$ cat coords.txt   # compact mmCIF, C-alpha atoms and all ligand atoms
# COMPACT_ATOMS: atom_id res chain seq x y z
CA MET A 2 -5.46 8.59 0.48
CA ASP A 3 -6.78 8.51 4.04
CA PRO A 4 -4.06 9.92 6.34
CA ASN A 5 -5.21 7.68 9.21
CA CYS A 6 -5.18 4.44 7.20
CA ILE A 7 -2.21 2.08 7.64
CA PHE A 8 -2.67 0.49 4.21
CA CYS A 9 -2.72 3.92 2.52
CA LYS A 10 0.58 4.56 4.34
CA ILE A 11 1.94 1.26 3.04
CA VAL A 12 0.97 2.27 -0.51
CA ALA A 13 2.67 5.65 0.02
CA GLY A 14 5.77 3.95 1.45
CA THR A 15 5.64 5.75 4.79
CA ILE A 16 5.08 2.36 6.48
CA PRO A 17 7.47 -0.29 5.12
CA SER A 18 6.18 -3.54 3.66
CA ARG A 19 7.40 -6.52 1.67
CA LYS A 20 5.98 -5.58 -1.70
CA VAL A 21 4.91 -8.38 -4.04
CA PHE A 22 3.23 -6.30 -6.76
CA GLU A 23 2.55 -2.74 -7.81
CA ASP A 24 0.96 -1.05 -10.79
CA GLU A 25 -1.01 2.15 -11.24
CA ASP A 26 -4.02 1.03 -9.23
CA VAL A 27 -3.11 -2.12 -7.28
CA PHE A 28 -0.57 -2.76 -4.51
CA GLY A 29 0.39 -6.16 -3.10
CA PHE A 30 2.41 -6.98 0.02
CA ASP A 31 3.08 -9.83 2.43
CA ASP A 32 0.89 -10.03 5.50
CA ILE A 33 2.91 -9.10 8.59
CA ASN A 34 1.36 -12.00 10.50
CA PRO A 35 1.12 -14.85 7.96
CA VAL A 36 -1.22 -17.76 8.61
CA ALA A 37 0.40 -20.01 5.97
CA ALA A 38 3.63 -20.32 3.97
CA VAL A 39 2.20 -17.95 1.37
CA HIS A 40 0.10 -15.08 2.67
CA PHE A 41 -0.05 -11.75 0.95
CA MET A 42 -2.70 -9.13 0.32
CA LEU A 43 -3.77 -7.26 -2.78
CA ILE A 44 -5.39 -3.87 -2.31
CA PRO A 45 -6.69 -1.09 -4.50
CA LYS A 46 -4.44 1.96 -4.14
CA LYS A 47 -7.62 4.02 -3.82
CA HIS A 48 -8.88 4.08 -0.25
CA ILE A 49 -12.06 1.98 -0.19
CA ALA A 50 -12.91 1.13 3.42
CA SER A 51 -14.41 -2.31 2.75
CA LEU A 52 -16.11 -4.47 0.17
CA ALA A 53 -19.39 -3.06 1.50
CA ASP A 54 -18.21 0.41 0.41
CA ALA A 55 -17.14 -0.55 -3.12
CA GLY A 56 -19.25 0.79 -5.96
CA PRO A 57 -19.65 0.01 -9.66
CA GLU A 58 -16.71 2.34 -10.38
CA ASP A 59 -14.49 -0.09 -8.44
CA ALA A 60 -15.43 -3.20 -10.43
CA ALA A 61 -12.43 -2.99 -12.77
CA VAL A 62 -9.82 -2.82 -10.03
CA LEU A 63 -11.50 -5.60 -8.05
CA GLY A 64 -11.58 -7.82 -11.15
CA LYS A 65 -7.94 -7.07 -11.77
CA ILE A 66 -7.07 -8.05 -8.21
CA LEU A 67 -8.76 -11.43 -8.59
CA THR A 68 -6.99 -12.27 -11.83
CA LEU A 69 -3.66 -11.10 -10.38
CA ALA A 70 -4.23 -13.34 -7.35
CA ALA A 71 -3.86 -16.52 -9.41
CA ARG A 72 -0.73 -15.34 -11.19
CA LEU A 73 1.01 -14.07 -8.06
CA ALA A 74 0.04 -17.12 -5.99
CA ARG A 75 1.77 -19.32 -8.60
CA GLU A 76 4.83 -17.10 -8.62
CA LYS A 77 4.99 -16.93 -4.82
CA GLY A 78 5.03 -20.71 -4.28
CA SER A 79 1.41 -21.80 -4.32
CA PRO A 80 1.07 -23.36 -7.80
CA GLU A 81 -1.66 -25.85 -6.94
CA GLY A 82 -4.27 -23.49 -5.61
CA PHE A 83 -4.84 -20.93 -2.93
CA ARG A 84 -7.58 -19.33 -0.87
CA THR A 85 -8.87 -15.77 -1.18
CA ILE A 86 -10.52 -14.10 1.79
CA VAL A 87 -12.11 -10.68 2.07
CA ASN A 88 -13.11 -9.94 5.64
CA THR A 89 -15.86 -7.34 5.60
CA GLY A 90 -17.18 -5.29 8.49
CA LYS A 91 -17.69 -6.22 12.10
CA ILE A 92 -19.42 -9.52 11.38
CA GLY A 93 -16.69 -10.40 8.88
CA ARG A 94 -14.03 -9.64 11.55
CA GLN A 95 -12.36 -6.96 9.43
CA ASP A 96 -9.50 -5.29 11.33
CA VAL A 97 -8.06 -2.91 8.76
CA TYR A 98 -10.62 -0.72 7.02
CA HIS A 99 -8.93 -0.47 3.63
CA LEU A 100 -10.36 -3.14 1.33
CA HIS A 101 -7.89 -6.01 0.95
CA VAL A 102 -7.97 -9.49 -0.53
CA HIS A 103 -5.95 -12.06 1.41
CA ILE A 104 -4.23 -14.67 -0.77
CA ILE A 105 -3.26 -17.67 1.32
CA GLY A 106 -1.55 -20.85 0.18
CA GLY A 107 1.69 -22.77 0.08
CA PRO A 108 2.81 -26.33 -0.61
CA ASN A 109 0.37 -28.03 1.77
CA PRO A 110 -3.46 -28.19 1.80
CA LEU A 111 -4.96 -25.56 4.10
CA PRO A 112 -7.30 -26.44 6.95
CA ARG A 113 -10.91 -26.40 5.88
CA MET A 114 -12.77 -23.21 6.87
CA ILE A 115 -15.95 -23.49 4.84
P1 LIG A 201 -8.38 -8.18 8.33
O1 LIG A 201 -8.73 -6.71 8.30
O2 LIG A 201 -8.61 -8.88 7.03
O3 LIG A 201 -9.04 -8.90 9.45
O4 LIG A 201 -6.84 -8.32 8.65
C1 LIG A 201 -5.87 -7.37 8.33
C2 LIG A 201 -4.57 -8.07 8.06
O5 LIG A 201 -3.57 -7.06 7.90
C3 LIG A 201 -4.08 -9.01 9.17
O6 LIG A 201 -3.86 -10.30 8.60
C4 LIG A 201 -2.78 -8.37 9.65
O7 LIG A 201 -1.78 -9.32 9.96
C5 LIG A 201 -2.37 -7.49 8.49
N1 LIG A 201 -1.68 -6.28 8.89
C6 LIG A 201 -2.07 -5.39 9.85
N2 LIG A 201 -1.19 -4.39 9.95
C7 LIG A 201 -0.22 -4.63 9.02
C8 LIG A 201 0.96 -3.93 8.65
O8 LIG A 201 1.30 -2.87 9.15
N3 LIG A 201 1.70 -4.49 7.65
C9 LIG A 201 1.36 -5.66 7.05
N4 LIG A 201 2.17 -6.11 6.09
N5 LIG A 201 0.25 -6.33 7.37
C10 LIG A 201 -0.54 -5.83 8.34
ZN ZN A 202 -6.55 3.35 3.03
$ encode --input "coords.txt" --output "structure tokens" --more "lines below"
Ligand code: 5GP
Ligand code: ZN
Amino acid sequence: MDPNCIFCKIVAGTIPSRKVFEDEDVFGFDDINPVAAVHFMLIPKKHIASLADAGPEDAAVLGKILTLAARLAREKGSPEGFRTIVNTGKIGRQDVYHLHVHIIGGPNPLPRMI
């Protein structure tokens, strides 16, 4: 836990969030500023600043997050697909330096980004 990290505080419950998932090493919550009808994030409970800081010891939790993404997207109202985004570092326009996977979807096709 990094005491200055807002996502660590969300995991700890000291900052409120709309939780969509929790187990021993993953936490999921709705994005406060959604860009689509479905927009939540999955994060490792462990403080990892960004994807560029993840090591081989983090592979299991990152794999778990990706498989959870599909299940939760279906359950949250995006049964026909979704987009996953991991902004990394300054070039990747990362704002919050606790690794998070955005899951974005909904009933309508998203605008093309890439
Ligand atoms: P990124 O670092 O991927 O650029 O963006 C961080 C994301 O976290 C943004 O989409 C922003 O809306 C979201 N966010 C920032 N602060 C909070 C917060 O306190 N609560 C929640 N639920 N989302 C947040
Ligand atoms: Zn953190």
$ residues_around --input "coords.txt" --residues "Met2 of chain A" --least-positions-apart "3" --cutoff "9 Å" --atoms "all atoms listed in the file" --output "list in words"
Asn5, Cys6, Cys9, Lys10, Ala13, Lys46, Lys47 and His48 of chain A
$ closest_residue --input "coords.txt" --among "A:Thr15, A:Gln95, A:Thr68, A:Thr85" --to "Met114 of chain A" --atoms "all atoms listed in the file"
A:Thr85
$ residues_near_ligand --input "coords.txt" --ligand "ligand LIG 201 (chain A)" --cutoff "6 Å" --atoms "all atoms listed in the file" --output "list in words"
Ser18, Asp31, Asp32, Ile33, Asn34, Asn88, Arg94, Gln95, Asp96 and Val97 of chain A
$ closest_residue --input "coords.txt" --among "A:Val62, A:Leu67, A:Ile92, A:Asp54" --to "Met42 of chain A" --atoms "all atoms listed in the file"
A:Leu67
$ closest_residue --input "coords.txt" --among "A:Arg75, A:Lys91, A:Lys65, A:His99" --to "ligand ZN 202 (chain A)" --atoms "only C-alpha atoms and all ligand atoms"
A:His99
$ atom_distance --input "coords.txt" --atom1 "atom CA of Val102 of chain A" --atom2 "atom CA of Ile7 of chain A"
15.3 Å
$ decode --input "coords.txt" --residues "segment 31-58 of chain A" --atoms "N, CA and C atoms" --output "CSV table (one decimal), in the first residue's frame"
chain,number,residue,atom,x,y,z
A,31,ASP,N,-16.1,1.1,-10.7
A,31,ASP,CA,-16.5,1.9,-11.8
A,31,ASP,C,-15.6,3.1,-11.9
A,32,ASP,N,-15.3,3.5,-13.1
A,32,ASP,CA,-14.6,4.8,-13.3
A,32,ASP,C,-15.5,6.0,-12.9
A,33,ILE,N,-14.9,6.9,-12.2
A,33,ILE,CA,-15.7,8.1,-11.7
A,33,ILE,C,-16.1,9.0,-12.9
A,34,ASN,N,-15.4,8.9,-14.0
A,34,ASN,CA,-15.7,9.7,-15.2
A,34,ASN,C,-15.9,8.8,-16.4
A,35,PRO,N,-17.0,8.1,-16.5
A,35,PRO,CA,-17.1,7.1,-17.5
A,35,PRO,C,-17.1,7.7,-18.9
A,36,VAL,N,-16.5,7.0,-19.9
A,36,VAL,CA,-16.5,7.4,-21.3
A,36,VAL,C,-17.5,6.6,-22.1
A,37,ALA,N,-18.1,5.6,-21.5
A,37,ALA,CA,-19.1,4.8,-22.2
A,37,ALA,C,-20.1,4.3,-21.2
A,38,ALA,N,-21.2,3.6,-21.6
A,38,ALA,CA,-22.2,3.1,-20.7
A,38,ALA,C,-21.6,2.1,-19.7
A,39,VAL,N,-20.6,1.3,-20.1
A,39,VAL,CA,-19.9,0.5,-19.2
A,39,VAL,C,-18.4,0.9,-19.1
A,40,HIS,N,-18.0,1.3,-18.0
A,40,HIS,CA,-16.6,1.7,-17.8
A,40,HIS,C,-16.1,1.5,-16.4
A,41,PHE,N,-15.4,0.4,-16.2
A,41,PHE,CA,-14.9,0.1,-14.9
A,41,PHE,C,-13.4,-0.2,-15.1
A,42,MET,N,-12.7,-0.3,-13.9
A,42,MET,CA,-11.3,-0.6,-13.9
A,42,MET,C,-11.0,-1.8,-13.0
A,43,LEU,N,-10.1,-2.6,-13.4
A,43,LEU,CA,-9.6,-3.7,-12.6
A,43,LEU,C,-8.1,-3.4,-12.3
A,44,ILE,N,-7.8,-3.6,-11.0
A,44,ILE,CA,-6.5,-3.3,-10.5
A,44,ILE,C,-5.9,-4.4,-9.6
A,45,PRO,N,-4.6,-4.6,-9.6
A,45,PRO,CA,-4.1,-5.4,-8.6
A,45,PRO,C,-4.1,-4.7,-7.3
A,46,LYS,N,-4.4,-5.4,-6.2
A,46,LYS,CA,-4.4,-4.8,-4.9
A,46,LYS,C,-3.0,-4.3,-4.5
A,47,LYS,N,-2.1,-5.1,-4.9
A,47,LYS,CA,-0.7,-4.6,-4.7
A,47,LYS,C,-0.4,-3.4,-5.5
A,48,HIS,N,0.3,-2.4,-4.9
A,48,HIS,CA,0.6,-1.2,-5.6
A,48,HIS,C,1.8,-1.5,-6.6
A,49,ILE,N,1.4,-1.4,-7.8
A,49,ILE,CA,2.3,-1.5,-8.9
A,49,ILE,C,2.1,-0.2,-9.7
A,50,ALA,N,3.1,0.7,-9.9
A,50,ALA,CA,2.8,2.0,-10.4
A,50,ALA,C,2.3,2.0,-11.8
A,51,SER,N,2.8,1.1,-12.7
A,51,SER,CA,2.4,1.1,-14.0
A,51,SER,C,2.8,-0.2,-14.7
A,52,LEU,N,2.3,-0.5,-15.9
A,52,LEU,CA,2.6,-1.7,-16.6
A,52,LEU,C,4.1,-1.8,-16.8
A,53,ALA,N,4.8,-0.6,-16.9
A,53,ALA,CA,6.2,-0.6,-17.1
A,53,ALA,C,7.0,-1.0,-15.8
A,54,ASP,N,6.3,-1.1,-14.7
A,54,ASP,CA,6.9,-1.5,-13.4
A,54,ASP,C,6.5,-2.9,-13.0
A,55,ALA,N,5.7,-3.6,-13.8
A,55,ALA,CA,5.3,-4.9,-13.4
A,55,ALA,C,6.4,-5.9,-13.8
A,56,GLY,N,6.6,-6.9,-12.9
A,56,GLY,CA,7.7,-7.9,-13.1
A,56,GLY,C,7.0,-9.2,-13.3
A,57,PRO,N,7.9,-10.2,-13.5
A,57,PRO,CA,7.4,-11.6,-13.7
A,57,PRO,C,6.5,-12.1,-12.6
A,58,GLU,N,6.8,-11.6,-11.4
A,58,GLU,CA,6.0,-12.0,-10.2
A,58,GLU,C,4.6,-11.5,-10.3
